[in-house]
file work_12.txt (compact mmCIF, C-alpha atoms)
# COMPACT_ATOMS: atom_id res chain seq x y z
CA MET J 1 -11.30 -13.71 53.22
CA TRP J 2 -9.63 -15.22 56.28
CA PRO J 3 -12.54 -16.65 58.31
CA LEU J 4 -11.27 -14.87 61.41
CA ARG J 5 -10.88 -11.40 62.80
CA ARG J 6 -8.23 -9.68 60.66
CA LYS J 7 -5.70 -9.06 63.38
CA PRO J 8 -2.88 -8.17 63.54
CA ASP J 9 -3.25 -5.56 60.83
CA LEU J 10 -0.04 -4.29 59.23
CA THR J 11 -1.59 -0.86 58.66
CA GLU J 12 -1.84 -0.32 62.41
CA ALA J 13 1.94 -0.46 62.79
CA PRO J 14 3.96 2.76 62.64
CA ILE J 15 5.62 3.70 59.36
CA SER J 16 9.37 3.48 59.73
CA ARG J 17 12.30 4.47 57.54
CA GLY J 18 16.06 4.89 57.66
CA ARG J 19 17.43 1.34 57.34
CA LEU J 20 18.50 0.25 53.87
CA VAL J 21 16.14 -2.42 52.54
CA SER J 22 17.26 -4.64 49.68
CA VAL J 23 14.18 -5.73 47.74
CA ILE J 24 15.02 -9.03 46.03
CA ILE J 25 12.76 -10.22 43.19
CA PRO J 26 13.45 -13.72 41.83
CA ALA J 27 12.23 -13.71 38.23
CA ARG J 28 12.05 -16.54 35.72
CA ASN J 29 9.94 -15.87 32.61
CA GLU J 30 8.05 -13.00 34.26
CA ALA J 31 7.84 -10.63 31.28
CA GLY J 32 4.11 -10.22 31.84
CA THR J 33 4.44 -9.06 35.45
CA ILE J 34 7.94 -7.68 36.07
CA GLY J 35 6.98 -4.18 34.99
CA THR J 36 4.04 -4.08 37.40
CA VAL J 37 6.00 -5.20 40.45
CA LEU J 38 8.94 -2.89 39.71
CA SER J 39 6.70 0.14 39.15
CA SER J 40 4.84 -0.52 42.39
CA VAL J 41 7.98 -1.12 44.47
CA LEU J 42 9.69 1.99 43.08
CA ALA J 43 6.63 4.05 44.07
CA SER J 44 7.23 3.15 47.73
CA ASN J 45 7.34 6.09 50.13
CA TYR J 46 9.94 4.25 52.21
CA GLN J 47 13.56 5.40 52.09
CA PRO J 48 16.19 4.11 51.49
CA PHE J 49 15.88 0.94 49.43
CA GLU J 50 17.43 -0.83 46.48
CA VAL J 51 15.85 -3.34 44.11
CA LEU J 52 17.62 -6.44 42.81
CA VAL J 53 15.95 -8.38 40.00
CA VAL J 54 17.49 -11.85 39.72
CA ASN J 55 16.93 -13.01 36.16
CA ASP J 56 16.86 -16.76 36.71
CA GLY J 57 17.55 -18.17 33.26
CA SER J 58 14.49 -16.58 31.64
CA THR J 59 13.72 -17.55 28.06
CA ASP J 60 11.55 -14.47 27.52
CA ASN J 61 12.55 -10.80 27.79
CA THR J 62 12.31 -10.53 31.59
CA GLY J 63 15.96 -9.50 31.79
CA GLU J 64 15.62 -6.81 29.12
CA LEU J 65 12.55 -5.32 30.78
CA GLY J 66 14.35 -5.24 34.12
CA ALA J 67 17.40 -3.63 32.50
CA GLU J 68 15.17 -0.90 31.07
CA PHE J 69 14.05 0.01 34.60
CA ALA J 70 17.67 -0.10 35.77
CA ARG J 71 18.66 2.42 33.09
CA ARG J 72 15.96 4.81 34.27
CA ASP J 73 16.37 4.34 38.04
CA PRO J 74 19.72 3.80 39.79
CA ARG J 75 18.00 1.98 42.65
CA VAL J 76 17.39 -1.00 40.34
CA ARG J 77 19.98 -3.63 39.49
CA VAL J 78 19.51 -6.72 37.33
CA ILE J 79 21.52 -9.80 38.29
CA THR J 80 22.00 -12.42 35.62
CA GLY J 81 21.49 -15.66 37.47
CA ALA J 82 24.17 -18.35 37.36
CA PRO J 83 23.24 -21.85 36.13
CA LEU J 84 21.19 -23.84 38.61
CA PRO J 85 23.47 -26.05 40.74
CA GLU J 86 22.74 -29.70 41.30
CA GLY J 87 20.36 -30.19 44.20
CA TRP J 88 18.88 -26.67 44.19
CA PHE J 89 15.37 -25.55 43.31
CA GLY J 90 15.15 -22.42 41.19
CA LYS J 91 13.53 -19.93 43.55
CA PRO J 92 15.82 -20.53 46.55
CA TRP J 93 18.82 -20.27 44.21
CA ALA J 94 17.61 -16.95 42.81
CA CYS J 95 16.87 -15.58 46.29
CA TRP J 96 20.29 -16.65 47.55
CA GLN J 97 22.04 -14.93 44.64
CA GLY J 98 20.08 -11.76 45.35
CA TYR J 99 21.12 -11.89 48.99
CA ARG J 100 24.78 -12.22 47.99
CA GLU J 101 24.57 -8.98 46.00
CA ALA J 102 22.38 -7.08 48.47
CA ARG J 103 23.73 -4.23 50.54
CA GLY J 104 20.83 -3.76 52.93
CA ASP J 105 20.57 -4.38 56.64
CA LEU J 106 17.06 -5.64 55.85
CA LEU J 107 16.17 -8.03 53.02
CA LEU J 108 12.75 -8.24 51.39
CA PHE J 109 12.04 -11.28 49.22
CA THR J 110 8.97 -10.61 47.07
CA ASP J 111 7.47 -12.33 44.05
CA ALA J 112 7.31 -10.94 40.55
CA ASP J 113 3.51 -11.35 40.43
CA THR J 114 2.86 -8.94 43.33
CA ARG J 115 1.72 -5.32 43.34
CA HIS J 116 2.79 -3.16 46.30
CA GLN J 117 1.14 -0.05 47.68
CA PRO J 118 3.43 2.89 48.57
CA ALA J 119 2.94 2.45 52.34
CA LEU J 120 3.62 -1.30 52.41
CA LEU J 121 7.37 -1.30 52.99
CA GLY J 122 7.24 1.43 55.64
CA HIS J 123 4.56 -0.41 57.63
CA ALA J 124 6.44 -3.70 57.29
CA VAL J 125 9.69 -2.23 58.62
CA GLY J 126 7.71 -0.49 61.36
CA THR J 127 6.11 -3.81 62.32
CA LEU J 128 9.47 -5.57 62.37
CA GLU J 129 10.89 -2.94 64.71
CA GLN J 130 7.80 -2.66 66.90
CA GLU J 131 7.54 -6.42 67.38
CA GLY J 132 11.28 -7.02 67.68
CA ALA J 133 10.87 -9.59 64.92
CA ASP J 134 13.49 -11.23 62.73
CA LEU J 135 10.96 -12.08 60.01
CA VAL J 136 7.75 -10.33 58.96
CA THR J 137 5.39 -11.89 56.44
CA VAL J 138 1.88 -11.00 55.39
CA VAL J 139 -1.49 -12.18 54.13
CA SER J 140 -1.82 -10.59 50.71
CA ALA J 141 -4.96 -10.02 48.67
CA GLN J 142 -5.40 -12.62 45.94
CA ARG J 143 -6.54 -11.21 42.61
CA CYS J 144 -8.74 -13.69 40.76
CA VAL J 145 -9.82 -12.77 37.23
CA THR J 146 -10.78 -15.81 35.15
CA PHE J 147 -13.56 -18.30 35.85
CA TRP J 148 -11.23 -21.05 37.10
CA GLU J 149 -9.33 -18.68 39.37
CA ARG J 150 -12.61 -17.62 40.93
CA VAL J 151 -13.89 -21.11 41.60
CA ILE J 152 -10.65 -22.90 42.60
CA MET J 153 -8.57 -20.31 44.45
CA PRO J 154 -11.11 -19.86 47.30
CA GLN J 155 -11.05 -23.62 47.89
CA ILE J 156 -7.29 -23.65 48.41
CA TRP J 157 -7.05 -20.30 50.16
CA ILE J 158 -9.57 -21.24 52.85
CA LEU J 159 -7.52 -24.35 53.68
CA LEU J 160 -4.51 -22.13 54.29
CA ALA J 161 -6.64 -19.71 56.30
CA LEU J 162 -7.87 -22.43 58.61
CA ARG J 163 -4.46 -24.09 58.91
CA TYR J 164 -2.42 -20.93 59.57
CA PRO J 165 -4.33 -18.11 61.26
CA PRO J 166 -1.79 -15.34 61.94
CA ALA J 167 -2.56 -15.22 65.67
CA ARG J 168 -1.59 -18.90 65.96
CA VAL J 169 1.53 -18.47 63.86
CA ASN J 170 2.69 -15.55 66.01
CA ARG J 171 2.55 -17.56 69.24
CA ALA J 172 3.77 -20.85 67.74
CA THR J 173 6.28 -23.03 69.52
CA ARG J 174 6.14 -25.96 67.08
CA ALA J 175 7.36 -26.08 63.49
CA ARG J 176 3.98 -27.44 62.36
CA ASP J 177 2.32 -24.14 63.31
CA VAL J 178 4.45 -21.61 61.40
CA ILE J 179 4.49 -20.46 57.82
CA ALA J 180 5.75 -17.56 55.73
CA ASN J 181 4.16 -16.26 52.56
CA GLY J 182 6.83 -16.26 49.86
CA GLN J 183 5.04 -13.37 48.16
CA PHE J 184 6.44 -11.09 50.89
CA ILE J 185 9.11 -12.03 53.43
CA LEU J 186 11.02 -9.26 55.19
CA VAL J 187 13.99 -10.39 57.29
CA THR J 188 16.89 -8.89 59.15
CA ARG J 189 20.17 -9.81 57.50
CA ALA J 190 21.51 -11.00 60.87
CA GLY J 191 18.56 -13.31 61.47
CA TYR J 192 18.57 -14.62 57.90
CA GLU J 193 22.27 -15.45 58.06
CA ALA J 194 21.92 -17.02 61.51
CA VAL J 195 19.33 -19.56 60.26
CA GLY J 196 21.42 -20.47 57.21
CA THR J 197 19.95 -18.26 54.42
CA HIS J 198 18.04 -19.86 51.54
CA GLU J 199 20.81 -22.43 51.42
CA ILE J 200 19.03 -24.28 54.23
CA VAL J 201 15.92 -24.67 52.03
CA HIS J 202 17.76 -25.07 48.74
CA ASP J 203 15.91 -28.30 47.84
CA LYS J 204 12.45 -27.37 49.14
CA VAL J 205 9.50 -26.67 46.86
CA ALA J 206 7.83 -24.78 49.74
CA GLU J 207 10.91 -22.76 50.56
CA ASP J 208 8.90 -20.08 52.37
CA LEU J 209 7.44 -22.64 54.76
CA GLY J 210 10.88 -24.16 55.33
CA LEU J 211 12.41 -20.75 55.99
CA ALA J 212 9.77 -19.98 58.63
CA GLN J 213 10.43 -23.31 60.32
CA ALA J 214 14.18 -22.60 60.30
CA PHE J 215 13.62 -19.23 61.99
CA LEU J 216 11.48 -20.86 64.68
CA ARG J 217 14.01 -23.61 65.35
CA LYS J 218 16.78 -21.03 65.82
CA GLY J 219 14.69 -19.11 68.33
CA LYS J 220 14.05 -16.19 65.98
CA LYS J 221 10.81 -14.25 66.20
CA LEU J 222 8.31 -14.35 63.34
CA HIS J 223 5.40 -11.99 62.86
CA PHE J 224 2.51 -12.72 60.47
CA ALA J 225 0.05 -9.90 59.74
CA PHE J 226 -2.83 -9.04 57.44
CA ALA J 227 -1.90 -6.63 54.66
CA GLU J 228 -4.61 -7.15 52.04
CA SER J 229 -5.02 -3.43 51.49
CA LEU J 230 -1.28 -3.02 50.87
CA ILE J 231 -0.26 -5.91 48.60
CA GLU J 232 -2.01 -7.85 45.87
CA THR J 233 -0.96 -11.04 44.10
CA ARG J 234 -2.29 -12.82 41.07
CA MET J 235 -0.74 -16.23 41.55
CA TYR J 236 -2.17 -17.98 38.51
CA THR J 237 -3.89 -16.94 35.29
CA GLY J 238 -6.16 -19.81 34.26
CA TRP J 239 -6.87 -23.52 34.55
CA SER J 240 -3.56 -24.90 33.26
CA HIS J 241 -1.53 -22.43 35.32
CA ILE J 242 -3.54 -23.20 38.47
CA ALA J 243 -3.25 -26.95 37.95
CA GLU J 244 0.49 -26.78 37.37
CA GLY J 245 1.16 -24.40 40.26
CA TRP J 246 -0.87 -26.16 42.94
CA SER J 247 0.26 -29.58 41.70
CA LYS J 248 3.75 -28.38 42.57
CA ASN J 249 2.85 -27.13 46.04
CA LEU J 250 -0.02 -28.97 47.69
CA TYR J 251 1.28 -32.45 48.42
CA LEU J 252 4.92 -31.62 49.13
CA GLY J 253 4.03 -28.43 50.98
CA GLY J 254 1.45 -30.29 53.05
CA GLN J 255 4.00 -32.93 54.00
CA ALA J 256 6.61 -30.29 54.84
CA SER J 257 4.14 -28.62 57.20
CA TYR J 258 4.49 -31.61 59.56
CA PRO J 259 8.29 -31.93 59.67
CA ASP J 260 8.43 -33.96 62.87
CA GLU J 261 5.28 -36.08 62.49
CA PRO J 262 5.59 -39.04 60.08
CA LEU J 263 1.99 -40.15 60.59
CA MET J 264 0.57 -36.71 59.80
CA ARG J 265 2.79 -36.47 56.72
CA ALA J 266 1.42 -39.79 55.49
CA LEU J 267 -2.15 -38.60 56.03
CA VAL J 268 -1.74 -35.32 54.13
CA PRO J 269 -3.39 -36.58 50.91
CA VAL J 270 -6.29 -37.96 52.92
CA GLY J 271 -6.77 -34.69 54.77
CA LEU J 272 -6.60 -32.56 51.63
CA ALA J 273 -8.94 -34.81 49.66
CA GLY J 274 -11.31 -35.09 52.62
CA ALA J 275 -11.61 -31.31 52.85
CA MET J 276 -12.77 -31.16 49.22
CA LEU J 277 -15.16 -34.11 49.63
CA ILE J 278 -16.84 -32.32 52.55
CA TRP J 279 -17.85 -29.53 50.16
CA ILE J 280 -18.89 -31.86 47.36
CA PHE J 281 -21.06 -34.04 49.62
CA PRO J 282 -23.99 -31.60 50.26
CA MET J 283 -24.69 -31.16 46.55
CA VAL J 284 -24.40 -34.92 45.93
CA TRP J 285 -26.78 -35.52 48.83
CA LEU J 286 -29.26 -33.00 47.41
CA LEU J 287 -29.10 -34.57 43.96
CA LEU J 288 -29.66 -38.08 45.32
CA ALA J 289 -32.51 -36.84 47.51
CA VAL J 290 -34.21 -35.19 44.52
CA LEU J 291 -33.87 -38.45 42.60
CA GLY J 292 -35.42 -40.34 45.52
CA ILE J 293 -32.31 -42.43 46.14
CA LEU J 294 -31.68 -40.88 49.58
CA GLY J 295 -34.02 -39.28 52.07
CA GLY J 296 -33.67 -36.03 53.96
CA LEU J 297 -34.45 -33.61 51.11
CA LYS J 298 -35.29 -30.72 53.45
CA VAL J 299 -32.11 -31.18 55.47
CA ALA J 300 -30.06 -31.41 52.29
CA LEU J 301 -31.60 -28.16 51.05
CA VAL J 302 -30.68 -26.43 54.31
CA VAL J 303 -27.10 -27.74 54.21
CA VAL J 304 -26.64 -26.66 50.60
CA GLY J 305 -28.15 -23.25 51.40
CA LEU J 306 -25.75 -22.74 54.31
CA SER J 307 -22.84 -23.83 52.11
CA LEU J 308 -23.83 -21.27 49.47
CA ILE J 309 -23.95 -18.53 52.11
CA LEU J 310 -20.51 -19.51 53.38
CA TRP J 311 -18.93 -19.51 49.92
CA ALA J 312 -20.64 -16.26 48.95
CA THR J 313 -19.07 -14.72 52.06
CA VAL J 314 -15.66 -16.16 51.22
CA ASN J 315 -15.92 -14.89 47.63
CA ARG J 316 -16.91 -11.43 48.78
CA GLY J 317 -13.90 -11.35 51.09
CA MET J 318 -11.68 -12.21 48.11
CA LYS J 319 -13.40 -9.56 45.93
CA ILE J 320 -14.93 -12.28 43.76
CA PRO J 321 -18.60 -11.75 42.76
CA PRO J 322 -20.62 -13.63 45.42
CA TRP J 323 -22.70 -15.47 42.82
CA TYR J 324 -19.63 -17.57 42.01
CA ALA J 325 -20.65 -19.48 45.14
CA LEU J 326 -23.04 -21.37 42.86
CA PHE J 327 -19.99 -23.10 41.40
CA TYR J 328 -18.40 -24.16 44.67
CA PRO J 329 -18.99 -27.90 44.06
CA LEU J 330 -17.22 -27.56 40.70
CA GLY J 331 -14.36 -25.70 42.41
CA ALA J 332 -14.06 -28.40 45.06
CA THR J 333 -14.10 -31.14 42.41
CA ALA J 334 -11.39 -29.38 40.39
CA ALA J 335 -9.32 -28.84 43.55
CA LEU J 336 -9.72 -32.55 44.40
CA ALA J 337 -8.36 -33.47 40.96
CA ILE J 338 -5.38 -31.16 41.51
CA ILE J 339 -4.73 -32.71 44.94
CA LEU J 340 -4.64 -36.19 43.40
CA ARG J 341 -2.36 -34.94 40.63
CA SER J 342 -0.11 -33.23 43.16
CA THR J 343 0.17 -36.45 45.20
CA LEU J 344 1.16 -38.48 42.16
CA ARG J 345 3.61 -35.86 40.97
CA GLY J 346 5.11 -35.50 44.42
CA HIS J 347 6.46 -39.03 44.09
CA ASP J 348 7.69 -38.58 40.53
CA GLY J 349 9.17 -35.08 40.66
CA VAL J 350 8.23 -31.42 40.44
CA ARG J 351 7.74 -29.60 37.14
CA TRP J 352 7.73 -25.81 37.04
CA LYS J 353 8.66 -23.22 34.44
CA GLY J 354 10.49 -25.62 32.18
CA ARG J 355 12.46 -27.35 34.92
CA VAL J 356 12.06 -30.77 36.48
CA TYR J 357 13.12 -31.44 40.07
CA SER J 358 13.26 -34.55 42.19
CA VAL J 359 11.83 -34.38 45.70
CA SER J 360 15.32 -33.95 47.13
CA GLY J 361 16.76 -31.73 44.44
CA LYS J 362 17.24 -31.09 40.75
CA GLN J 363 17.18 -33.97 38.28

call {"tool": "encode", "arguments": {"input": "work_12.txt", "output": "structure tokens"}}
result
Amino acid sequence: MWPLRRKPDLTEAPISRGRLVSVIIPARNEAGTIGTVLSSVLASNYQPFEVLVVNDGSTDNTGELGAEFARRDPRVRVITGAPLPEGWFGKPWACWQGYREARGDLLLFTDADTRHQPALLGHAVGTLEQEGADLVTVVSAQRCVTFWERVIMPQIWILLALRYPPARVNRATRARDVIANGQFILVTRAGYEAVGTHEIVHDKVAEDLGLAQAFLRKGKKLHFAFAESLIETRMYTGWSHIAEGWSKNLYLGGQASYPDEPLMRALVPVGLAGAMLIWIFPMVWLLLAVLGILGGLKVALVVVGLSLILWATVNRGMKIPPWYALFYPLGATAALAIILRSTLRGHDGVRWKGRVYSVSGKQ
């Protein structure tokens, strides 16, 4: 879907093996997905690796499902997470606990809602070695199933695509130009420890972004590559899940992406909202022209037609039926509402998976 040439491509890197990789999966109330990610990781053709599931205070049977895998496969261990300390967000805390138990020279932090192909880990380690990188992260395919996923996710994903093309990230010299995708972050233990581990982003809602910035500041090399044929993620499962998830991330993550620029941080809500209004405007213009309130009907028709072609192309790239482009104004309107909600919530605190956090830490 990225509106650019898909380079670098992780599949073009050599497949490596031999270094122990500790795959760390932070999991809080992931009973619906933990089996999928564990099955896919265990099917990897890379050797050797271990898998650590950090059960972060789940109130469902995530821990029991993980323990069942551990009984069948000695490569899997389930870590019962300690209570969340004051000032920490849940995911960094779970990742840090996994790191403390990991034995590997390489550490892979991956989300419980991902599905890995067998060649993924080998190509990722091969990329890390070929590039001399301390951190490798990837663009993953986004699986969108329900109506709201298919109309909203492209709106958000294209913003990220335009903001962080991998080629720009890989040559970045400023913190504003780097990012990591928390769905898949492979690091060397030495590099991870040198930047301060997840402890340095313990109170960040966008801990992946903060980790990438920490690597850059310490002079460590990052490599961002396309891997859509090797890893798939279904981030959210419907309207309420999308609204809650992006309300958590958009405003605070947008501000964090400009760590050294107070003016740009202040303008984040304006920029995000403006991006959605750009897509809503053509259809509003067409409607007003049809009603005779505004002129330029032919131009409005052309602009709307071009917009439909663009969104059909984006949808096709995300494996969403192209005809969902007809709903792009609805998707942009819904995304605008989430942006406003995210901005308001960013001042009041973050709510996610039964926990409430302040901007600077846990309430």

call {"tool": "residues_around", "arguments": {"input": "work_12.txt", "residues": "Ala180 in chain J", "least_positions_apart": "6", "cutoff": "6 Å", "atoms": "only C-alpha atoms", "output": "compact mmCIF listing (two decimals) with C-alpha atoms, in the frame of the given file"}}
result
# COMPACT_ATOMS: atom_id res chain seq x y z
CA THR J 137 5.39 -11.89 56.44
CA ASP J 208 8.90 -20.08 52.37
CA LEU J 209 7.44 -22.64 54.76
CA ALA J 212 9.77 -19.98 58.63

call {"tool": "closest_residue", "arguments": {"input": "work_12.txt", "among": "J:Ala256, J:Leu107, J:Met318, J:Leu10", "to": "Ala119 in chain J", "atoms": "only C-alpha atoms"}}
result
J:Leu10

call {"tool": "residues_near_point", "arguments": {"input": "work_12.txt", "point": "(8.2, -1.6, 61.4)", "cutoff": "10 Å", "atoms": "all atoms listed in the file", "output": "list of chain:residue names"}}
result
J:Leu10, J:Ala13, J:Pro14, J:Ile15, J:Ser16, J:Arg17, J:Leu121, J:Gly122, J:His123, J:Ala124, J:Val125, J:Gly126, J:Thr127, J:Leu128, J:Glu129, J:Gln130, J:Glu131, J:Gly132, J:Ala133, J:Val136

call {"tool": "closest_residue", "arguments": {"input": "work_12.txt", "among": "J:Ile242, J:Cys95, J:Leu135, J:Ile200", "to": "Val178 in chain J", "atoms": "all atoms listed in the file"}}
result
J:Leu135

call {"tool": "residues_near_point", "arguments": {"input": "work_12.txt", "point": "(2.5, -34.5, 44.2)", "cutoff": "12 Å", "atoms": "all atoms listed in the file", "output": "MDAnalysis selection string"}}
result
chainID J and resid 205 243:255 268:269 272 337:351 357:359

call {"tool": "residues_around", "arguments": {"input": "work_12.txt", "residues": "range 219-225 of chain J", "least_positions_apart": "2", "cutoff": "10 Å", "atoms": "all atoms listed in the file", "output": "NGL selection string"}}
result
:J and (6-11 or 124 or 127-128 or 131-140 or 164-173 or 178-181 or 185-187 or 191-192 or 194-195 or 212-217 or 227-228)

call {"tool": "atom_distance", "arguments": {"input": "work_12.txt", "atom1": "CA of Leu162 in chain J", "atom2": "CA of Asp260 in chain J"}}
result
20.4 Å

call {"tool": "residues_around", "arguments": {"input": "work_12.txt", "residues": "range 34-44 of chain J", "least_positions_apart": "4", "cutoff": "6 Å", "atoms": "all atoms listed in the file", "output": "list of chain:residue names"}}
result
J:Glu30, J:Ala112, J:Thr114, J:Arg115, J:His116, J:Pro118

call {"tool": "closest_residue", "arguments": {"input": "work_12.txt", "among": "J:Tyr99, J:Tyr236, J:Phe89, J:Phe49", "to": "Gly18 in chain J", "atoms": "only C-alpha atoms"}}
result
J:Phe49

call {"tool": "axis_aligned_box", "arguments": {"input": "work_12.txt", "around": "range 266-282 of chain J", "padding_each_side": "5 Å", "output": "AutoDock Vina command-line options"}}
result
--center_x -11.3 --center_y -34.7 --center_z 51.7 --size_x 35.4 --size_y 20.3 --size_z 18.7

call {"tool": "atom_distance", "arguments": {"input": "work_12.txt", "atom1": "CA of Gly317 in chain J", "atom2": "CA of Leu286 in chain J"}}
result
26.8 Å

call {"tool": "atom_distance", "arguments": {"input": "work_12.txt", "atom1": "CA of Glu149 in chain J", "atom2": "CA of Val23 in chain J"}}
result
28.1 Å

call {"tool": "residues_around", "arguments": {"input": "work_12.txt", "residues": "Val284 in chain J", "least_positions_apart": "3", "cutoff": "12 Å", "atoms": "all atoms listed in the file", "output": "list of chain:residue names"}}
result
J:Leu277, J:Ile278, J:Trp279, J:Ile280, J:Phe281, J:Leu287, J:Leu288, J:Ala289, J:Val290, J:Leu291, J:Ile293, J:Leu294, J:Leu297, J:Ala300, J:Leu301, J:Val303, J:Val304, J:Pro329, J:Leu330, J:Thr333

call {"tool": "closest_residue", "arguments": {"input": "work_12.txt", "among": "J:Gly292, J:Pro26, J:Gly238, J:Pro282", "to": "Val151 in chain J", "atoms": "all atoms listed in the file"}}
result
J:Gly238

call {"tool": "closest_residue", "arguments": {"input": "work_12.txt", "among": "J:Ala332, J:Leu306, J:Leu159, J:Ala102", "to": "Gly271 in chain J", "atoms": "only C-alpha atoms"}}
result
J:Leu159

call {"tool": "build_atoms", "arguments": {"input": "work_12.txt", "residues": "range 56-63 of chain J", "atoms": "all heavy atoms", "output": "PDB file, in the frame of the given file"}}
result
ATOM      1  N   ASP J  56      16.505 -15.362  36.495  1.00  0.00           N
ATOM      2  CA  ASP J  56      16.860 -16.760  36.710  1.00  0.00           C
ATOM      3  C   ASP J  56      16.677 -17.578  35.424  1.00  0.00           C
ATOM      4  O   ASP J  56      15.740 -18.370  35.294  1.00  0.00           O
ATOM      5  CB  ASP J  56      15.999 -17.325  37.847  1.00  0.00           C
ATOM      6  CG  ASP J  56      16.300 -18.779  38.162  1.00  0.00           C
ATOM      7  OD1 ASP J  56      17.442 -19.214  37.911  1.00  0.00           O
ATOM      8  OD2 ASP J  56      15.385 -19.474  38.652  1.00  0.00           O
ATOM      9  N   GLY J  57      17.568 -17.367  34.476  1.00  0.00           N
ATOM     10  CA  GLY J  57      17.550 -18.170  33.260  1.00  0.00           C
ATOM     11  C   GLY J  57      16.299 -18.003  32.427  1.00  0.00           C
ATOM     12  O   GLY J  57      15.850 -18.969  31.783  1.00  0.00           O
ATOM     13  N   SER J  58      15.722 -16.809  32.399  1.00  0.00           N
ATOM     14  CA  SER J  58      14.490 -16.580  31.640  1.00  0.00           C
ATOM     15  C   SER J  58      14.711 -16.823  30.155  1.00  0.00           C
ATOM     16  O   SER J  58      15.763 -16.490  29.600  1.00  0.00           O
ATOM     17  CB  SER J  58      13.995 -15.152  31.855  1.00  0.00           C
ATOM     18  OG  SER J  58      13.648 -14.927  33.204  1.00  0.00           O
ATOM     19  N   THR J  59      13.689 -17.367  29.508  1.00  0.00           N
ATOM     20  CA  THR J  59      13.720 -17.550  28.060  1.00  0.00           C
ATOM     21  C   THR J  59      12.867 -16.508  27.349  1.00  0.00           C
ATOM     22  O   THR J  59      12.757 -16.526  26.124  1.00  0.00           O
ATOM     23  CB  THR J  59      13.231 -18.963  27.681  1.00  0.00           C
ATOM     24  OG1 THR J  59      11.914 -19.167  28.215  1.00  0.00           O
ATOM     25  CG2 THR J  59      14.165 -20.026  28.249  1.00  0.00           C
ATOM     26  N   ASP J  60      12.262 -15.608  28.103  1.00  0.00           N
ATOM     27  CA  ASP J  60      11.550 -14.470  27.520  1.00  0.00           C
ATOM     28  C   ASP J  60      12.377 -13.209  27.762  1.00  0.00           C
ATOM     29  O   ASP J  60      13.576 -13.293  28.060  1.00  0.00           O
ATOM     30  CB  ASP J  60      10.131 -14.353  28.099  1.00  0.00           C
ATOM     31  CG  ASP J  60      10.126 -14.098  29.611  1.00  0.00           C
ATOM     32  OD1 ASP J  60      11.200 -13.829  30.192  1.00  0.00           O
ATOM     33  OD2 ASP J  60       9.044 -14.170  30.219  1.00  0.00           O
ATOM     34  N   ASN J  61      11.772 -12.036  27.661  1.00  0.00           N
ATOM     35  CA  ASN J  61      12.550 -10.800  27.790  1.00  0.00           C
ATOM     36  C   ASN J  61      12.449 -10.182  29.188  1.00  0.00           C
ATOM     37  O   ASN J  61      12.520  -8.959  29.343  1.00  0.00           O
ATOM     38  CB  ASN J  61      12.124  -9.781  26.730  1.00  0.00           C
ATOM     39  CG  ASN J  61      10.668  -9.356  26.866  1.00  0.00           C
ATOM     40  OD1 ASN J  61       9.857 -10.095  27.436  1.00  0.00           O
ATOM     41  ND2 ASN J  61      10.325  -8.189  26.352  1.00  0.00           N
ATOM     42  N   THR J  62      12.315 -11.027  30.205  1.00  0.00           N
ATOM     43  CA  THR J  62      12.310 -10.530  31.590  1.00  0.00           C
ATOM     44  C   THR J  62      13.545  -9.697  31.885  1.00  0.00           C
ATOM     45  O   THR J  62      13.456  -8.602  32.459  1.00  0.00           O
ATOM     46  CB  THR J  62      12.227 -11.711  32.574  1.00  0.00           C
ATOM     47  OG1 THR J  62      10.991 -12.400  32.402  1.00  0.00           O
ATOM     48  CG2 THR J  62      12.340 -11.232  34.017  1.00  0.00           C
ATOM     49  N   GLY J  63      14.717 -10.207  31.510  1.00  0.00           N
ATOM     50  CA  GLY J  63      15.960  -9.500  31.790  1.00  0.00           C
ATOM     51  C   GLY J  63      16.022  -8.155  31.105  1.00  0.00           C
ATOM     52  O   GLY J  63      16.450  -7.154  31.706  1.00  0.00           O
TER      53      GLY J  63
END
